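A short write-up of the structure that comes next.
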Amino acid sequence: MVTSQLNNENIAMTKNTSKKAARSKRPGELFIELGIKSVAFLSFAVIILIFVFVFRETLPIFFPDKQAPAKQEVLQSETYGGDEKTSENDKEIQNRIDASQKMETSGQNGQITLENLASKQWQPVSANPQYGLWPLFFGSLKVTLISVLIASPLAILAALFSAVFAPKKIKEIIKPAIELLASFPSVVIGFFALMTIASVSQSVFGTQFRLNAFVGGVALAIAVIPIIYTVTEDAINSVPREYMEGSLALGATKWQSGLFVILPSVTPGIFAALLLGFGRAFGETMIVLMATGNAALSSINIFEPVRTLSATIGAEMAEVVFGEKHYTVLFLIGALLFIFTFALNAIAEFWVRNKLMKRFRGEG
Amino acid sequence: MKKKLTGWLVISFSALSVLLILSALVYMVADIAWQGKGALTWEFLTSAPKDGMTGGGIFPAIVGTVLLVVIMSLAGVPVGTITAIYLSEYSKRNSIFTKMIRFAVNTLAGVPSIVFGLFGLGFFVQFIGSGMDKVAGGGGALKWGQPNILWASLTMALLTIPVVIVSVEEALRSVPDDLRAGGLALGATKWQTIRKIVLPNAVSGIMTGTILAISRGAGEVAPILFTGVAYFLPKLPTSLSDQFMNIGYHIYIMATQSPDVEATKGIQYASVLVLLAVTFGMNIIAIIIRYKLRKKLNT
């Protein structure tokens, strides 16, 4: 810890001095630094661009008038234009057409109301489409909770084992093995869930639906374990050695130190790990798309199929017309996913990490 | 006595967790390898699907995946490397700009891949692509304003940039400061020192980053769903504005939308085995390189 800080100060010093030298000598150096800096800025720009462009496609929801399709206006002017000169008979027909157009309008080109978004039904393709996000949100939450509940005890205990209890040689096997688990493509995990986990779960629990929230949750747990493990393990490794040594010196055994000294001292780190795992599971698409059955139900039963937010985008985006209502709502879902994971990341980053650092510096 | 028992329980439970995770890993690999090896032949790797996807191989999907990761690396690796150079060599530790970039990189790593897909559709296809079509004229004909391999690769590049940054930065930080000081002391400028001394010592890190990015890019499906992938194409892509086939997407469609899942089971497992072998192989190489790097660092 101390040496690394010293090193950092050293680097900072060489940096400052060299920068001064460069400034006085070569304009080319400044130019290169500027170039490198602007490329580095790209990551930040991309975040902003994602923000802008995902939200841009959802604008029709928030500003329906500005973005209303021109088609609608043309239709209206036609009907009203013909209104005055027609006979009563014609008028009646016109009224009927009006009515039917209104129906169609509410289905196809009309505005997406908040009530519709908050309704409890997701039926985007029907005569009277329902864009209720609730069952999708519920589905995401349900699968995510199942996966985090399965993954977190396993991952945290595994991290504790490899960071505190395990002999060095075993540790050197565990870490890369879990890295390998992290490298599993999600489509492969989804496939495995679809083929194997679903069958096993059905024969063990005798469930009605082969694909359900539980199967999806187990599969997601496979994807989430490496994240929770890695972040927790890093946190444990960042605990100053004095903690362990002090505890051992006071006569505590190794497991007591691990469980009652090390683990409590990294609670913010574990919290961060859980947040990141939660975010990963919430946004994961291919696994849930393949393993949860994709029916937009909101039941508490974990053995019933669910449809998650992300899977809905993945399954439906290919079939919608660009710029249409359904398309807009799918982008809204994407925007929500983005905000949600962004917030989780921000919390994990600033709040938790600062807290952890403060604690180890003895400030909090 | 009670204490001893608790201790024994704590340690054995944590060891059991590790064992459970590792056996899940081994079981998954073994299951896929076992069921896929039968259909995995040379012909499977080198021929196109036939008989309505119930026979033949996955050659076009392999080609599509390779093209995807090549274009992706060409676009993403330089950006990731330069960002890492900035973070490790130029940035002041506590400046707001540095914090901004670090936060952006972390956020980028946490954005769900499906959101990258939406972004690719909204930005590359609808905005840049359509814009290019408008500039080129052509009477409303779509050339770039539709999903294609270029947009898919660029979307994937954004997704994998954080992977590259993390690996390269780690490697750059492992280069001892004495080397930098030596370079500067000999009168080299900062950039000369970085280019001639620091970077050559960090080549392995750049390699690791590239390999990890490729393995990630080869396995991700969600970002390319609406930015360029196609289920079946009669011919291989020949230009950047063509669509392409992809192993991961192939697996997804075959497993979920095939009319006769049982008949194609062998092919499906073999495709999964190919994808898994590629990502695994690359990750193992990366792990070995990094292991050696860390060892070098510690001695």
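Chain labels run A, B, ... following the order of the structure tokens; each chain numbers its residues from 1, and ligands are numbered from 1 in the order shown.
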Q: Name the residues of range 153-251 of chain A that come out as helix (DSSP H, G or I) in a backbone DSSP run; write them as a PyMOL selection string.
A: chain A and resi 153-165+168-182+186-205+213-237+241-249
May I have the residues from that selection written out with C-alpha atoms, as a PDB file, in the first residue's frame?
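The file below, result_34.pdb, is the result:
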ATOM      1  CA  PRO A 153     -23.822 -17.021  -1.429  1.00  0.00           C
ATOM      2  CA  LEU A 154     -21.846 -19.301  -3.735  1.00  0.00           C
ATOM      3  CA  ALA A 155     -19.718 -16.524  -5.162  1.00  0.00           C
ATOM      4  CA  ILE A 156     -19.046 -14.751  -1.875  1.00  0.00           C
ATOM      5  CA  LEU A 157     -18.125 -17.956  -0.053  1.00  0.00           C
ATOM      6  CA  ALA A 158     -15.950 -18.998  -2.981  1.00  0.00           C
ATOM      7  CA  ALA A 159     -14.211 -15.613  -2.884  1.00  0.00           C
ATOM      8  CA  LEU A 160     -13.664 -15.967   0.846  1.00  0.00           C
ATOM      9  CA  PHE A 161     -12.244 -19.416   0.328  1.00  0.00           C
ATOM     10  CA  SER A 162      -9.839 -18.499  -2.422  1.00  0.00           C
ATOM     11  CA  ALA A 163      -8.721 -15.227  -0.822  1.00  0.00           C
ATOM     12  CA  VAL A 164      -8.393 -16.341   2.794  1.00  0.00           C
ATOM     13  CA  PHE A 165      -8.495 -20.087   3.322  1.00  0.00           C
ATOM     14  CA  LYS A 168      -1.676 -20.603  -2.832  1.00  0.00           C
ATOM     15  CA  LYS A 169      -1.538 -23.468  -5.298  1.00  0.00           C
ATOM     16  CA  ILE A 170      -5.266 -24.101  -5.175  1.00  0.00           C
ATOM     17  CA  LYS A 171      -5.910 -20.393  -5.456  1.00  0.00           C
ATOM     18  CA  GLU A 172      -3.943 -20.336  -8.677  1.00  0.00           C
ATOM     19  CA  ILE A 173      -6.335 -22.898 -10.127  1.00  0.00           C
ATOM     20  CA  ILE A 174      -9.565 -21.346  -8.864  1.00  0.00           C
ATOM     21  CA  LYS A 175      -8.996 -17.857 -10.196  1.00  0.00           C
ATOM     22  CA  PRO A 176      -8.345 -18.707 -13.855  1.00  0.00           C
ATOM     23  CA  ALA A 177     -11.100 -21.312 -13.761  1.00  0.00           C
ATOM     24  CA  ILE A 178     -13.634 -18.713 -12.738  1.00  0.00           C
ATOM     25  CA  GLU A 179     -12.206 -16.375 -15.359  1.00  0.00           C
ATOM     26  CA  LEU A 180     -12.961 -19.111 -17.875  1.00  0.00           C
ATOM     27  CA  LEU A 181     -16.492 -19.348 -16.555  1.00  0.00           C
ATOM     28  CA  ALA A 182     -16.791 -15.604 -17.125  1.00  0.00           C
ATOM     29  CA  SER A 186     -24.169 -16.020 -22.972  1.00  0.00           C
ATOM     30  CA  VAL A 187     -25.698 -17.803 -25.935  1.00  0.00           C
ATOM     31  CA  VAL A 188     -23.845 -20.950 -24.862  1.00  0.00           C
ATOM     32  CA  ILE A 189     -25.175 -20.675 -21.308  1.00  0.00           C
ATOM     33  CA  GLY A 190     -28.632 -20.083 -22.743  1.00  0.00           C
ATOM     34  CA  PHE A 191     -28.293 -23.135 -24.918  1.00  0.00           C
ATOM     35  CA  PHE A 192     -27.141 -25.254 -21.999  1.00  0.00           C
ATOM     36  CA  ALA A 193     -30.096 -24.017 -19.944  1.00  0.00           C
ATOM     37  CA  LEU A 194     -32.508 -24.768 -22.743  1.00  0.00           C
ATOM     38  CA  MET A 195     -31.179 -28.258 -23.327  1.00  0.00           C
ATOM     39  CA  THR A 196     -29.981 -29.503 -19.951  1.00  0.00           C
ATOM     40  CA  ILE A 197     -31.029 -27.323 -17.004  1.00  0.00           C
ATOM     41  CA  ALA A 198     -34.634 -27.159 -18.247  1.00  0.00           C
ATOM     42  CA  SER A 199     -34.904 -30.939 -18.530  1.00  0.00           C
ATOM     43  CA  VAL A 200     -33.274 -31.586 -15.179  1.00  0.00           C
ATOM     44  CA  SER A 201     -35.415 -28.983 -13.428  1.00  0.00           C
ATOM     45  CA  GLN A 202     -38.578 -30.383 -14.973  1.00  0.00           C
ATOM     46  CA  SER A 203     -37.866 -33.935 -13.918  1.00  0.00           C
ATOM     47  CA  VAL A 204     -36.786 -32.889 -10.423  1.00  0.00           C
ATOM     48  CA  PHE A 205     -39.584 -30.419  -9.650  1.00  0.00           C
ATOM     49  CA  ALA A 213     -38.215 -18.181 -14.413  1.00  0.00           C
ATOM     50  CA  PHE A 214     -36.333 -20.661 -12.252  1.00  0.00           C
ATOM     51  CA  VAL A 215     -34.475 -22.205 -15.191  1.00  0.00           C
ATOM     52  CA  GLY A 216     -33.600 -18.725 -16.426  1.00  0.00           C
ATOM     53  CA  GLY A 217     -32.484 -17.724 -12.948  1.00  0.00           C
ATOM     54  CA  VAL A 218     -30.184 -20.713 -12.567  1.00  0.00           C
ATOM     55  CA  ALA A 219     -28.670 -20.056 -15.983  1.00  0.00           C
ATOM     56  CA  LEU A 220     -28.214 -16.367 -15.188  1.00  0.00           C
ATOM     57  CA  ALA A 221     -26.530 -17.327 -11.924  1.00  0.00           C
ATOM     58  CA  ILE A 222     -23.816 -19.019 -13.989  1.00  0.00           C
ATOM     59  CA  ALA A 223     -23.204 -15.714 -15.727  1.00  0.00           C
ATOM     60  CA  VAL A 224     -23.344 -13.637 -12.554  1.00  0.00           C
ATOM     61  CA  ILE A 225     -21.162 -15.779 -10.270  1.00  0.00           C
ATOM     62  CA  PRO A 226     -17.867 -14.708 -11.889  1.00  0.00           C
ATOM     63  CA  ILE A 227     -18.705 -11.017 -11.469  1.00  0.00           C
ATOM     64  CA  ILE A 228     -19.689 -11.254  -7.812  1.00  0.00           C
ATOM     65  CA  TYR A 229     -16.711 -13.524  -7.158  1.00  0.00           C
ATOM     66  CA  THR A 230     -14.179 -11.234  -8.828  1.00  0.00           C
ATOM     67  CA  VAL A 231     -15.346  -8.015  -7.216  1.00  0.00           C
ATOM     68  CA  THR A 232     -15.601  -9.620  -3.771  1.00  0.00           C
ATOM     69  CA  GLU A 233     -12.209 -11.238  -4.098  1.00  0.00           C
ATOM     70  CA  ASP A 234     -10.618  -7.951  -5.143  1.00  0.00           C
ATOM     71  CA  ALA A 235     -12.209  -6.271  -2.151  1.00  0.00           C
ATOM     72  CA  ILE A 236     -10.917  -8.942   0.213  1.00  0.00           C
ATOM     73  CA  ASN A 237      -7.441  -8.690  -1.279  1.00  0.00           C
ATOM     74  CA  ARG A 241      -2.675  -7.314   5.935  1.00  0.00           C
ATOM     75  CA  GLU A 242      -2.670  -5.852   9.446  1.00  0.00           C
ATOM     76  CA  TYR A 243      -6.333  -6.772   9.830  1.00  0.00           C
ATOM     77  CA  MET A 244      -5.631 -10.450   9.409  1.00  0.00           C
ATOM     78  CA  GLU A 245      -2.375 -10.358  11.331  1.00  0.00           C
ATOM     79  CA  GLY A 246      -3.898  -8.407  14.199  1.00  0.00           C
ATOM     80  CA  SER A 247      -6.784 -10.781  14.446  1.00  0.00           C
ATOM     81  CA  LEU A 248      -4.518 -13.821  14.406  1.00  0.00           C
ATOM     82  CA  ALA A 249      -2.240 -12.214  16.968  1.00  0.00           C
TER      83      ALA A 249
END
Q.
Within 7 Å of chain B, which residues belong to chain A? Use only C-alpha atoms and report them as a PyMOL selection string.
A. chain A and resi 18+22+29+36-37+39-41+43-44+47+50+53-54+154+157-158+160-161+176+180-181+183+185-188+255+280+283-286+290+310+314+318+334+338+341-342+345
Could you write out that same residue set with C-alpha atoms as a short mmCIF file (atom, residue, chain, number, x, y, z; two decimals), in the first residue's frame?
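Saved result, result.cif, follows:
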data_model
loop_
_atom_site.label_atom_id
_atom_site.label_comp_id
_atom_site.auth_asym_id
_atom_site.auth_seq_id
_atom_site.Cartn_x
_atom_site.Cartn_y
_atom_site.Cartn_z
CA SER A 18 8.51 15.88 -18.27
CA ALA A 22 8.00 18.94 -23.41
CA GLU A 29 4.75 16.45 -28.26
CA ILE A 36 -4.17 10.79 -27.37
CA LYS A 37 -6.36 12.81 -25.07
CA VAL A 39 -9.08 9.45 -28.43
CA ALA A 40 -9.38 8.82 -24.70
CA PHE A 41 -12.31 11.20 -24.64
CA SER A 43 -15.27 6.54 -24.33
CA PHE A 44 -16.97 9.42 -22.64
CA ILE A 47 -21.67 7.15 -23.29
CA ILE A 50 -25.72 6.15 -26.30
CA PHE A 53 -29.43 8.13 -29.57
CA VAL A 54 -31.32 5.62 -27.50
CA LEU A 154 -21.85 -19.30 -3.74
CA LEU A 157 -18.12 -17.96 -0.05
CA ALA A 158 -15.95 -19.00 -2.98
CA LEU A 160 -13.66 -15.97 0.85
CA PHE A 161 -12.24 -19.42 0.33
CA PRO A 176 -8.35 -18.71 -13.86
CA LEU A 180 -12.96 -19.11 -17.87
CA LEU A 181 -16.49 -19.35 -16.55
CA SER A 183 -15.75 -16.09 -20.72
CA PRO A 185 -20.68 -16.71 -24.26
CA SER A 186 -24.17 -16.02 -22.97
CA VAL A 187 -25.70 -17.80 -25.93
CA VAL A 188 -23.84 -20.95 -24.86
CA TRP A 255 -11.69 -18.97 9.96
CA ARG A 280 -25.47 -7.75 -15.28
CA GLY A 283 -29.56 -6.50 -18.65
CA GLU A 284 -28.58 -9.97 -19.85
CA THR A 285 -30.49 -10.86 -22.97
CA MET A 286 -29.62 -14.10 -24.70
CA MET A 290 -33.61 -18.78 -24.50
CA SER A 310 -34.22 -7.27 -22.39
CA GLY A 314 -34.27 -9.03 -28.47
CA ALA A 318 -36.52 -7.55 -35.64
CA GLY A 334 -33.75 -0.03 -23.80
CA PHE A 338 -29.57 1.85 -19.73
CA THR A 341 -27.55 -0.16 -15.12
CA PHE A 342 -25.99 3.30 -15.32
CA ASN A 345 -22.73 1.40 -11.80
#
Q: Tell me which protein, DNA and RNA residues are within 9 Å of range 196-201 of chain B, counting only C-alpha atoms, leaving out same-chain ones fewer than 2 positions away, and put them as number ranges by chain.
A: B: 85, 171-172, 174-176, 179-180, 183, 191-194, 203-206
Output C-alpha atoms of each residue in that selection to a file, as a PDB file, in the first residue's frame.
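Saved result, selection-v8.pdb, follows:
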ATOM      1  CA  ILE B  85      -1.879   4.945 -22.884  1.00  0.00           C
ATOM      2  CA  ALA B 171       0.451  -4.067 -18.854  1.00  0.00           C
ATOM      3  CA  LEU B 172       1.560  -0.436 -19.108  1.00  0.00           C
ATOM      4  CA  SER B 174       3.686  -3.158 -15.048  1.00  0.00           C
ATOM      5  CA  VAL B 175       6.475  -1.470 -17.011  1.00  0.00           C
ATOM      6  CA  PRO B 176       8.950  -0.263 -14.359  1.00  0.00           C
ATOM      7  CA  LEU B 179      12.730   2.442 -17.863  1.00  0.00           C
ATOM      8  CA  ARG B 180      10.706   5.614 -18.360  1.00  0.00           C
ATOM      9  CA  GLY B 183      14.467   7.097 -21.551  1.00  0.00           C
ATOM     10  CA  TRP B 191       6.240  10.338 -26.670  1.00  0.00           C
ATOM     11  CA  GLN B 192       9.546   8.852 -27.861  1.00  0.00           C
ATOM     12  CA  THR B 193       9.927   7.146 -24.514  1.00  0.00           C
ATOM     13  CA  ILE B 194       6.427   5.748 -24.667  1.00  0.00           C
ATOM     14  CA  VAL B 203       3.079  -5.736 -26.232  1.00  0.00           C
ATOM     15  CA  SER B 204       1.905  -8.765 -24.326  1.00  0.00           C
ATOM     16  CA  GLY B 205      -0.760  -6.704 -22.630  1.00  0.00           C
ATOM     17  CA  ILE B 206      -2.009  -5.366 -25.938  1.00  0.00           C
TER      18      ILE B 206
END
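Each of A:Leu336, A:Ala281, A:Leu289, A:Leu149 was compared to Val306 in chain A using only C-alpha atoms, and A:Leu289 turns out to be the nearest.
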Q | Within 7 Å of Thr308 in chain A using only C-alpha atoms, minus same-chain residues under 5 positions, as number ranges by chain | A | A: 136-137, 139-140
Mind writing the picked residues with C-alpha atoms as a compact mmCIF listing (two decimals), in the first residue's frame?
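Wrote it out as out-v9.txt, contents follow:
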# COMPACT_ATOMS: atom_id res chain seq x y z
CA LEU A 136 -41.85 -7.20 -18.27
CA PHE A 137 -40.33 -5.29 -15.40
CA GLY A 139 -40.26 -10.64 -15.13
CA SER A 140 -36.81 -9.05 -15.17
(Q) Just want the 12 Å neighbourhood of Ala61 in chain B, counted on only C-alpha atoms, with same-chain residues fewer than 5 positions away dropped. Output as number ranges by chain. (A) B: 44-49, 56, 66-68, 218, 229-237, 243-251, 271, 274-275
Preceding selection exported with C-alpha atoms as a PDB file, in the first residue's frame:
ATOM      1  CA  PHE B  44     -19.213 -29.520 -40.892  1.00  0.00           C
ATOM      2  CA  LEU B  45     -16.658 -26.738 -40.595  1.00  0.00           C
ATOM      3  CA  THR B  46     -16.207 -26.225 -44.310  1.00  0.00           C
ATOM      4  CA  SER B  47     -19.636 -26.563 -45.883  1.00  0.00           C
ATOM      5  CA  ALA B  48     -22.738 -24.399 -45.975  1.00  0.00           C
ATOM      6  CA  PRO B  49     -26.027 -25.385 -44.341  1.00  0.00           C
ATOM      7  CA  GLY B  56     -24.566 -29.392 -43.880  1.00  0.00           C
ATOM      8  CA  VAL B  66     -14.228 -14.088 -38.288  1.00  0.00           C
ATOM      9  CA  LEU B  67     -14.936 -11.034 -40.458  1.00  0.00           C
ATOM     10  CA  LEU B  68     -16.900  -9.486 -37.604  1.00  0.00           C
ATOM     11  CA  ALA B 218     -17.100 -13.806 -31.128  1.00  0.00           C
ATOM     12  CA  VAL B 229     -26.683 -10.459 -38.639  1.00  0.00           C
ATOM     13  CA  ALA B 230     -28.792 -12.711 -40.848  1.00  0.00           C
ATOM     14  CA  TYR B 231     -30.009 -16.229 -40.249  1.00  0.00           C
ATOM     15  CA  PHE B 232     -29.260 -17.586 -43.672  1.00  0.00           C
ATOM     16  CA  LEU B 233     -27.500 -16.045 -46.639  1.00  0.00           C
ATOM     17  CA  PRO B 234     -26.864 -17.852 -49.897  1.00  0.00           C
ATOM     18  CA  LYS B 235     -23.453 -16.246 -50.335  1.00  0.00           C
ATOM     19  CA  LEU B 236     -20.618 -14.962 -48.206  1.00  0.00           C
ATOM     20  CA  PRO B 237     -20.385 -11.226 -47.515  1.00  0.00           C
ATOM     21  CA  GLN B 243     -25.192  -8.746 -44.027  1.00  0.00           C
ATOM     22  CA  PHE B 244     -23.472 -11.771 -42.501  1.00  0.00           C
ATOM     23  CA  MET B 245     -24.064 -15.007 -40.652  1.00  0.00           C
ATOM     24  CA  ASN B 246     -22.747 -15.614 -37.141  1.00  0.00           C
ATOM     25  CA  ILE B 247     -22.158 -18.745 -35.077  1.00  0.00           C
ATOM     26  CA  GLY B 248     -23.818 -17.446 -31.909  1.00  0.00           C
ATOM     27  CA  TYR B 249     -26.888 -16.228 -33.747  1.00  0.00           C
ATOM     28  CA  HIS B 250     -26.999 -19.489 -35.657  1.00  0.00           C
ATOM     29  CA  ILE B 251     -27.094 -21.387 -32.362  1.00  0.00           C
ATOM     30  CA  SER B 271     -21.990 -25.387 -33.358  1.00  0.00           C
ATOM     31  CA  VAL B 274     -17.078 -24.686 -32.064  1.00  0.00           C
ATOM     32  CA  LEU B 275     -18.018 -21.390 -30.433  1.00  0.00           C
TER      33      LEU B 275
END
Q.
Calculated over only C-alpha atoms, which of the candidates A:Met317, A:Leu274, A:Leu297, A:Ala252 has the smallest distance to Val148 in chain A?
A. A:Leu274
